[in-house]
$ cat run-v8.json   # JSON, C-alpha atoms
[["chain", "number", "residue", "atom", "x", "y", "z"],
["W", 28, "MET", "CA", 0.00, 0.00, 0.00],
["W", 29, "ALA", "CA", 1.46, 3.33, -1.02],
["W", 30, "GLN", "CA", 1.24, 6.09, 1.57],
["W", 31, "HIS", "CA", 1.36, 9.59, 0.17],
["W", 32, "VAL", "CA", 0.00, 13.11, 0.75],
["W", 33, "LEU", "CA", -0.88, 16.06, -1.48],
["W", 34, "THR", "CA", -1.17, 19.79, -1.24],
["W", 35, "PRO", "CA", -4.35, 21.29, -2.68],
["W", 36, "ALA", "CA", -3.48, 23.63, -5.54],
["W", 37, "ARG", "CA", -6.84, 24.88, -6.81],
["W", 38, "VAL", "CA", -10.51, 24.49, -6.11],
["W", 39, "THR", "CA", -13.16, 23.62, -8.68],
["W", 40, "SER", "CA", -16.46, 21.87, -8.34],
["W", 41, "HIS", "CA", -17.46, 18.56, -9.88],
["W", 42, "PRO", "CA", -20.45, 16.36, -9.27],
["W", 43, "ARG", "CA", -19.47, 13.87, -6.58],
["W", 44, "PRO", "CA", -20.43, 10.24, -7.00],
["W", 45, "THR", "CA", -21.50, 8.49, -3.84],
["W", 46, "SER", "CA", -20.78, 5.01, -2.61],
["W", 47, "ALA", "CA", -24.08, 4.26, -0.95],
["W", 48, "PRO", "CA", -27.55, 3.78, -2.39],
["W", 49, "GLY", "CA", -29.79, 6.82, -2.42],
["W", 50, "GLY", "CA", -26.93, 9.29, -2.78],
["W", 51, "ALA", "CA", -25.87, 9.19, 0.88],
["W", 52, "PRO", "CA", -22.16, 8.98, 1.70],
["W", 53, "ARG", "CA", -21.03, 5.73, 3.29],
["W", 54, "VAL", "CA", -19.88, 5.44, 6.87],
["W", 55, "GLU", "CA", -17.53, 2.61, 7.71],
["W", 56, "VAL", "CA", -15.08, 1.56, 10.36],
["W", 57, "ALA", "CA", -11.43, 2.05, 9.36],
["W", 58, "GLY", "CA", -9.58, -1.15, 8.74],
["W", 59, "ARG", "CA", -7.19, -2.86, 6.40],
["W", 60, "PRO", "CA", -7.36, -2.26, 2.63],
["W", 61, "ARG", "CA", -9.22, -4.86, 0.63],
["W", 62, "PRO", "CA", -6.90, -7.34, -1.11],
["W", 63, "GLY", "CA", -6.31, -6.43, -4.73],
["W", 64, "THR", "CA", -7.25, -2.78, -4.16],
["W", 65, "VAL", "CA", -4.78, -0.06, -5.04],
["W", 66, "GLU", "CA", -5.00, 2.40, -2.18],
["W", 67, "PHE", "CA", -3.16, 5.67, -1.61],
["W", 68, "LEU", "CA", -3.00, 7.24, 1.85],
["W", 69, "LEU", "CA", -2.78, 11.03, 1.67],
["W", 70, "ASP", "CA", -1.35, 12.46, 4.86],
["W", 71, "ALA", "CA", 1.34, 14.95, 5.87],
["W", 72, "ASP", "CA", 4.26, 12.58, 5.22],
["W", 73, "ALA", "CA", 4.21, 12.68, 1.41],
["W", 74, "LEU", "CA", 2.77, 15.94, 0.20],
["W", 75, "ASP", "CA", 3.76, 16.40, -3.43],
["W", 76, "PRO", "CA", 2.21, 16.84, -6.90],
["W", 77, "THR", "CA", 3.67, 13.56, -8.14],
["W", 78, "THR", "CA", 1.72, 11.61, -5.54],
["W", 79, "LEU", "CA", -1.46, 13.40, -6.54],
["W", 80, "ALA", "CA", -0.92, 12.44, -10.17],
["W", 81, "LEU", "CA", -0.14, 8.83, -9.23],
["W", 82, "ALA", "CA", -3.19, 8.58, -7.00],
["W", 83, "ALA", "CA", -5.41, 9.97, -9.75],
["W", 84, "ALA", "CA", -3.97, 7.61, -12.34],
["W", 85, "ARG", "CA", -3.71, 4.38, -10.34],
["W", 86, "ALA", "CA", -5.79, 4.37, -7.16],
["W", 87, "ASP", "CA", -9.01, 2.51, -6.60],
["W", 88, "VAL", "CA", -9.25, 4.15, -3.17],
["W", 89, "VAL", "CA", -7.69, 7.39, -1.98],
["W", 90, "ARG", "CA", -7.72, 7.58, 1.80],
["W", 91, "VAL", "CA", -7.36, 11.09, 3.22],
["W", 92, "VAL", "CA", -6.21, 11.65, 6.81],
["W", 93, "HIS", "CA", -6.33, 14.94, 8.68],
["W", 94, "SER", "CA", -2.88, 16.29, 9.51],
["W", 95, "ALA", "CA", -1.02, 19.57, 9.89],
["W", 96, "ALA", "CA", -1.24, 19.78, 6.10],
["W", 97, "LEU", "CA", -5.00, 19.02, 6.07],
["W", 98, "PRO", "CA", -6.19, 20.44, 9.41],
["W", 99, "THR", "CA", -9.73, 21.47, 8.46],
["W", 100, "GLU", "CA", -12.77, 20.37, 6.53],
["W", 101, "ALA", "CA", -12.10, 23.18, 4.03],
["W", 102, "ALA", "CA", -8.59, 21.83, 3.39],
["W", 103, "VAL", "CA", -10.02, 18.35, 2.78],
["W", 104, "ARG", "CA", -12.67, 19.77, 0.44],
["W", 105, "ALA", "CA", -9.95, 21.62, -1.50],
["W", 106, "LEU", "CA", -7.93, 18.39, -1.78],
["W", 107, "VAL", "CA", -11.01, 16.52, -3.01],
["W", 108, "SER", "CA", -11.47, 19.14, -5.74],
["W", 109, "VAL", "CA", -7.83, 18.84, -6.77],
["W", 110, "LEU", "CA", -8.12, 15.04, -6.87],
["W", 111, "GLU", "CA", -11.27, 15.28, -8.98],
["W", 112, "ASP", "CA", -9.44, 17.58, -11.42],
["W", 113, "GLU", "CA", -6.47, 15.20, -11.59],
["W", 114, "VAL", "CA", -8.69, 12.16, -12.15],
["W", 115, "ALA", "CA", -10.37, 13.97, -15.05],
["W", 116, "ALA", "CA", -6.98, 15.12, -16.40],
["W", 117, "VAL", "CA", -5.73, 11.54, -16.70],
["W", 118, "GLY", "CA", -8.93, 10.48, -18.46],
["W", 119, "ARG", "CA", -10.45, 8.40, -15.69],
["W", 120, "ASP", "CA", -14.07, 8.47, -14.63],
["W", 121, "ARG", "CA", -14.49, 9.91, -11.13],
["W", 122, "ARG", "CA", -16.68, 6.94, -10.21],
["W", 123, "ASP", "CA", -13.60, 4.71, -10.58],
["W", 124, "VAL", "CA", -11.84, 6.37, -7.65],
["W", 125, "ARG", "CA", -13.32, 6.16, -4.17],
["W", 126, "LEU", "CA", -12.36, 9.04, -1.85],
["W", 127, "VAL", "CA", -12.44, 8.16, 1.85],
["W", 128, "LEU", "CA", -11.80, 10.52, 4.77],
["W", 129, "GLU", "CA", -10.49, 8.67, 7.81],
["W", 130, "VAL", "CA", -11.21, 10.37, 11.14],
["W", 131, "GLU", "CA", -10.67, 9.44, 14.78],
["W", 132, "ALA", "CA", -13.95, 8.82, 16.53],
["W", 133, "VAL", "CA", -15.04, 8.41, 20.12],
["W", 134, "VAL", "CA", -18.36, 6.91, 21.19],
["W", 135, "ALA", "CA", -19.79, 8.86, 24.12],
["W", 136, "ALA", "CA", -22.66, 7.92, 26.41],
["W", 137, "ASP", "CA", -24.61, 11.18, 25.96],
["W", 138, "ASP", "CA", -24.14, 14.91, 25.30],
["W", 139, "ALA", "CA", -22.69, 15.51, 28.77],
["W", 140, "ASP", "CA", -20.15, 12.75, 28.12],
["W", 141, "VAL", "CA", -19.34, 14.34, 24.73],
["W", 142, "ALA", "CA", -18.52, 17.62, 26.49],
["W", 143, "ARG", "CA", -16.42, 15.84, 29.14],
["W", 144, "ARG", "CA", -14.46, 13.84, 26.57],
["W", 145, "ARG", "CA", -13.85, 16.87, 24.34],
["W", 146, "THR", "CA", -12.53, 18.79, 27.37],
["W", 147, "ALA", "CA", -10.18, 15.92, 28.27],
["W", 148, "ILE", "CA", -8.91, 15.68, 24.67],
["W", 149, "ALA", "CA", -8.34, 19.46, 24.49],
["W", 150, "TYR", "CA", -6.53, 19.38, 27.84],
["W", 151, "ALA", "CA", -4.13, 16.65, 26.71],
["W", 152, "GLU", "CA", -3.64, 18.37, 23.38],
["W", 153, "ALA", "CA", -2.76, 21.68, 25.06],
["W", 154, "PHE", "CA", 0.37, 20.09, 26.52],
["W", 155, "ALA", "CA", 1.45, 18.37, 23.29],
["W", 156, "ALA", "CA", 2.83, 21.53, 21.60],
["W", 157, "LEU", "CA", 1.32, 20.61, 18.24],
["W", 158, "THR", "CA", 1.17, 22.91, 15.23],
["W", 159, "TRP", "CA", -2.50, 22.06, 14.64],
["W", 160, "SER", "CA", -5.45, 20.83, 16.64],
["W", 161, "PRO", "CA", -6.21, 17.17, 15.90],
["W", 162, "SER", "CA", -9.14, 17.16, 18.33],
["W", 163, "ALA", "CA", -10.93, 19.67, 16.09],
["W", 164, "THR", "CA", -11.22, 16.93, 13.47],
["W", 165, "TRP", "CA", -12.33, 14.12, 15.78],
["W", 166, "LEU", "CA", -15.93, 12.97, 15.86],
["W", 167, "VAL", "CA", -17.18, 12.58, 19.42],
["W", 168, "ALA", "CA", -20.84, 11.64, 19.71],
["W", 169, "PRO", "CA", -23.27, 9.19, 21.26],
["W", 170, "LEU", "CA", -23.55, 5.92, 19.35],
["W", 171, "ASP", "CA", -26.95, 6.79, 17.89],
["W", 172, "ARG", "CA", -25.59, 10.03, 16.38],
["W", 173, "LEU", "CA", -22.07, 9.05, 15.31],
["W", 174, "SER", "CA", -23.00, 7.68, 11.88],
["W", 175, "SER", "CA", -25.17, 10.69, 11.00],
["W", 176, "ASP", "CA", -22.38, 13.07, 12.11],
["W", 177, "ALA", "CA", -19.94, 11.13, 9.91],
["W", 178, "ALA", "CA", -22.31, 11.25, 6.93],
["W", 179, "ALA", "CA", -22.71, 15.01, 7.40],
["W", 180, "LEU", "CA", -18.91, 15.34, 7.49],
["W", 181, "ALA", "CA", -18.66, 13.40, 4.23],
["W", 182, "ALA", "CA", -21.20, 15.71, 2.62],
["W", 183, "ARG", "CA", -19.32, 18.83, 3.78],
["W", 184, "THR", "CA", -15.93, 17.59, 2.55],
["W", 185, "GLY", "CA", -17.04, 15.96, -0.69],
["W", 186, "VAL", "CA", -15.67, 12.49, 0.02],
["W", 187, "ASP", "CA", -17.51, 9.31, -0.89],
["W", 188, "ALA", "CA", -17.15, 7.80, 2.58],
["W", 189, "VAL", "CA", -15.96, 8.50, 6.08],
["W", 190, "ALA", "CA", -13.99, 5.73, 7.77],
["W", 191, "LEU", "CA", -14.16, 5.97, 11.54],
["W", 192, "ALA", "CA", -10.93, 5.09, 13.35],
["W", 193, "LEU", "CA", -12.51, 4.21, 16.67],
["W", 194, "VAL", "CA", -10.31, 5.23, 19.60],
["W", 195, "GLY", "CA", -9.80, 3.23, 22.80],
["W", 196, "GLU", "CA", -12.88, 1.61, 24.28],
["W", 197, "SER", "CA", -14.94, 2.93, 21.37],
["W", 198, "ARG", "CA", -13.61, 0.03, 19.29],
["W", 199, "ARG", "CA", -16.05, -2.30, 21.01],
["W", 200, "HIS", "CA", -18.87, -0.42, 19.25],
["W", 201, "ALA", "CA", -17.52, -1.09, 15.73],
["W", 202, "SER", "CA", -20.32, -3.39, 14.60],
["W", 203, "ALA", "CA", -23.03, -1.12, 16.02],
["W", 204, "VAL", "CA", -21.57, 2.02, 14.39],
["W", 205, "VAL", "CA", -22.03, 0.75, 10.85],
["W", 206, "ALA", "CA", -25.25, -1.18, 11.50]]
$ encode --input "run-v8.json" --output "structure tokens"
Amino acid sequence: MAQHVLTPARVTSHPRPTSAPGGAPRVEVAGRPRPGTVEFLLDADALDPTTLALAAARADVVRVVHSAALPTEAAVRALVSVLEDEVAAVGRDRRDVRLVLEVEAVVAADDADVARRRTAIAYAEAFAALTWSPSATWLVAPLDRLSSDAAALAARTGVDAVALALVGESRRHASAVVA
């Protein structure tokens, strides 16, 4: 599996194919790539135009991960637009490339627990001396709302799916999240 990252260069709009019936973005639990699938991981470790061109030309799945280079939903949306342009430039149909945003997710008991967990994450992050705020990109929600929050995130960023990287004890909810 190639692991690469890109810098958004320009923003245009293209119709976005979806991966779920009825036009809704898919929500899934992050895991291993499917065998036989060419997957590119776009994160802060390999941000270059060559990787963008390779992903557009060869990938079945492009997995986007928030990082210092992609710290916001707007940055992800810009990258999605660039990828769509590159896919078109190499003569591929956009439906042949699945764009997936992978985000950390925490299952909370209720709204009060959401607030408590977000405070704890922000507290730990304050002492990490990071150049960006990873907790701003996390999804923290009760189980019954996590999938709808992820689908809304997919719609805002233009990806075909959101893959939830369940953190800590939240992993035990994996089957219920996608049900």
$ residues_around --input "run-v8.json" --residues "stretch 138-154 of chain W" --least-positions-apart "5" --cutoff "12 Å" --atoms "all atoms listed in the file" --output "PyMOL selection string"
chain W and resi 131-133+159-173+194
$ closest_residue --input "run-v8.json" --among "W:Ser197, W:Ser175, W:Thr64, W:Thr158" --to "W:Ala96" --atoms "all atoms listed in the file"
W:Thr158
$ axis_aligned_box --input "run-v8.json" --around "stretch 158-172 of chain W" --padding-each-side "3 Å" --output "lines of an AutoDock Vina configuration file"
center_x = -12.9
center_y = 14.4
center_z = 17.4
size_x = 34.1
size_y = 23.0
size_z = 13.8
$ residues_around --input "run-v8.json" --residues "W:His93" --least-positions-apart "6" --cutoff "8 Å" --atoms "all atoms listed in the file" --output "ChimeraX atom specification"
/W:70,99,103,129-130,161,164
$ closest_residue --input "run-v8.json" --among "W:Ala82, W:Val186, W:Val92, W:Ala135" --to "W:His200" --atoms "all atoms listed in the file"
W:Ala135
$ closest_residue --input "run-v8.json" --among "W:Val127, W:Val54, W:Ala83, W:Gly195" --to "W:Asp112" --atoms "only C-alpha atoms"
W:Ala83
$ closest_residue --input "run-v8.json" --among "W:Val134, W:Leu74, W:Ala86, W:Leu180" --to "W:Arg122" --atoms "all atoms listed in the file"
W:Ala86
$ build_atoms --input "run-v8.json" --residues "stretch 86-97 of chain W" --atoms "all heavy atoms" --output "PDB file, in the frame of the given file"
ATOM      1  N   ALA W  86      -5.087   4.803  -8.377  1.00  0.00           N
ATOM      2  CA  ALA W  86      -5.790   4.370  -7.160  1.00  0.00           C
ATOM      3  C   ALA W  86      -7.216   3.918  -7.430  1.00  0.00           C
ATOM      4  O   ALA W  86      -7.924   4.485  -8.259  1.00  0.00           O
ATOM      5  CB  ALA W  86      -5.807   5.506  -6.147  1.00  0.00           C
ATOM      6  N   ASP W  87      -7.599   2.887  -6.701  1.00  0.00           N
ATOM      7  CA  ASP W  87      -9.010   2.510  -6.600  1.00  0.00           C
ATOM      8  C   ASP W  87      -9.625   3.279  -5.440  1.00  0.00           C
ATOM      9  O   ASP W  87     -10.780   3.672  -5.486  1.00  0.00           O
ATOM     10  CB  ASP W  87      -9.150   1.006  -6.339  1.00  0.00           C
ATOM     11  CG  ASP W  87      -8.551   0.169  -7.449  1.00  0.00           C
ATOM     12  OD1 ASP W  87      -8.808   0.467  -8.625  1.00  0.00           O
ATOM     13  OD2 ASP W  87      -7.800  -0.782  -7.127  1.00  0.00           O
ATOM     14  N   VAL W  88      -8.824   3.451  -4.385  1.00  0.00           N
ATOM     15  CA  VAL W  88      -9.250   4.150  -3.170  1.00  0.00           C
ATOM     16  C   VAL W  88      -8.178   5.156  -2.792  1.00  0.00           C
ATOM     17  O   VAL W  88      -6.995   4.812  -2.749  1.00  0.00           O
ATOM     18  CB  VAL W  88      -9.476   3.173  -1.991  1.00  0.00           C
ATOM     19  CG1 VAL W  88      -9.832   3.917  -0.709  1.00  0.00           C
ATOM     20  CG2 VAL W  88     -10.535   2.139  -2.332  1.00  0.00           C
ATOM     21  N   VAL W  89      -8.596   6.381  -2.521  1.00  0.00           N
ATOM     22  CA  VAL W  89      -7.690   7.390  -1.980  1.00  0.00           C
ATOM     23  C   VAL W  89      -8.196   7.696  -0.581  1.00  0.00           C
ATOM     24  O   VAL W  89      -9.325   8.156  -0.404  1.00  0.00           O
ATOM     25  CB  VAL W  89      -7.662   8.674  -2.840  1.00  0.00           C
ATOM     26  CG1 VAL W  89      -6.785   9.726  -2.181  1.00  0.00           C
ATOM     27  CG2 VAL W  89      -7.172   8.363  -4.248  1.00  0.00           C
ATOM     28  N   ARG W  90      -7.363   7.383   0.404  1.00  0.00           N
ATOM     29  CA  ARG W  90      -7.720   7.580   1.800  1.00  0.00           C
ATOM     30  C   ARG W  90      -7.041   8.854   2.292  1.00  0.00           C
ATOM     31  O   ARG W  90      -5.835   8.983   2.243  1.00  0.00           O
ATOM     32  CB  ARG W  90      -7.268   6.380   2.625  1.00  0.00           C
ATOM     33  CG  ARG W  90      -7.750   6.380   4.055  1.00  0.00           C
ATOM     34  CD  ARG W  90      -7.489   5.045   4.717  1.00  0.00           C
ATOM     35  NE  ARG W  90      -8.174   3.950   4.066  1.00  0.00           N
ATOM     36  CZ  ARG W  90      -9.429   3.584   4.343  1.00  0.00           C
ATOM     37  NH1 ARG W  90     -10.113   4.207   5.263  1.00  0.00           N
ATOM     38  NH2 ARG W  90      -9.993   2.581   3.694  1.00  0.00           N
ATOM     39  N   VAL W  91      -7.844   9.800   2.750  1.00  0.00           N
ATOM     40  CA  VAL W  91      -7.360  11.090   3.220  1.00  0.00           C
ATOM     41  C   VAL W  91      -7.390  11.100   4.737  1.00  0.00           C
ATOM     42  O   VAL W  91      -8.377  10.656   5.348  1.00  0.00           O
ATOM     43  CB  VAL W  91      -8.260  12.236   2.668  1.00  0.00           C
ATOM     44  CG1 VAL W  91      -7.810  13.585   3.195  1.00  0.00           C
ATOM     45  CG2 VAL W  91      -8.267  12.217   1.143  1.00  0.00           C
ATOM     46  N   VAL W  92      -6.309  11.595   5.348  1.00  0.00           N
ATOM     47  CA  VAL W  92      -6.210  11.650   6.810  1.00  0.00           C
ATOM     48  C   VAL W  92      -5.890  13.081   7.206  1.00  0.00           C
ATOM     49  O   VAL W  92      -4.993  13.704   6.638  1.00  0.00           O
ATOM     50  CB  VAL W  92      -5.100  10.696   7.323  1.00  0.00           C
ATOM     51  CG1 VAL W  92      -4.987  10.756   8.837  1.00  0.00           C
ATOM     52  CG2 VAL W  92      -5.372   9.274   6.858  1.00  0.00           C
ATOM     53  N   HIS W  93      -6.634  13.611   8.168  1.00  0.00           N
ATOM     54  CA  HIS W  93      -6.330  14.940   8.680  1.00  0.00           C
ATOM     55  C   HIS W  93      -4.902  14.977   9.216  1.00  0.00           C
ATOM     56  O   HIS W  93      -4.415  13.996   9.771  1.00  0.00           O
ATOM     57  CB  HIS W  93      -7.281  15.324   9.824  1.00  0.00           C
ATOM     58  CG  HIS W  93      -8.630  15.738   9.360  1.00  0.00           C
ATOM     59  ND1 HIS W  93      -8.869  16.888   8.667  1.00  0.00           N
ATOM     60  CD2 HIS W  93      -9.836  15.140   9.501  1.00  0.00           C
ATOM     61  CE1 HIS W  93     -10.151  16.999   8.406  1.00  0.00           C
ATOM     62  NE2 HIS W  93     -10.767  15.942   8.895  1.00  0.00           N
ATOM     63  N   SER W  94      -4.253  16.107   9.045  1.00  0.00           N
ATOM     64  CA  SER W  94      -2.880  16.290   9.510  1.00  0.00           C
ATOM     65  C   SER W  94      -2.612  17.782   9.584  1.00  0.00           C
ATOM     66  O   SER W  94      -3.503  18.594   9.293  1.00  0.00           O
ATOM     67  CB  SER W  94      -1.909  15.631   8.533  1.00  0.00           C
ATOM     68  OG  SER W  94      -1.955  16.309   7.286  1.00  0.00           O
ATOM     69  N   ALA W  95      -1.381  18.155   9.902  1.00  0.00           N
ATOM     70  CA  ALA W  95      -1.020  19.570   9.890  1.00  0.00           C
ATOM     71  C   ALA W  95      -1.195  20.152   8.501  1.00  0.00           C
ATOM     72  O   ALA W  95      -1.484  21.335   8.344  1.00  0.00           O
ATOM     73  CB  ALA W  95       0.417  19.746  10.366  1.00  0.00           C
ATOM     74  N   ALA W  96      -1.056  19.327   7.475  1.00  0.00           N
ATOM     75  CA  ALA W  96      -1.240  19.780   6.100  1.00  0.00           C
ATOM     76  C   ALA W  96      -2.710  19.832   5.687  1.00  0.00           C
ATOM     77  O   ALA W  96      -3.078  20.561   4.765  1.00  0.00           O
ATOM     78  CB  ALA W  96      -0.482  18.877   5.148  1.00  0.00           C
ATOM     79  N   LEU W  97      -3.552  19.069   6.347  1.00  0.00           N
ATOM     80  CA  LEU W  97      -5.000  19.020   6.070  1.00  0.00           C
ATOM     81  C   LEU W  97      -5.754  19.143   7.393  1.00  0.00           C
ATOM     82  O   LEU W  97      -6.435  18.215   7.819  1.00  0.00           O
ATOM     83  CB  LEU W  97      -5.371  17.711   5.377  1.00  0.00           C
ATOM     84  CG  LEU W  97      -4.785  17.475   3.991  1.00  0.00           C
ATOM     85  CD1 LEU W  97      -5.017  16.050   3.546  1.00  0.00           C
ATOM     86  CD2 LEU W  97      -5.377  18.452   2.997  1.00  0.00           C
TER      87      LEU W  97
END
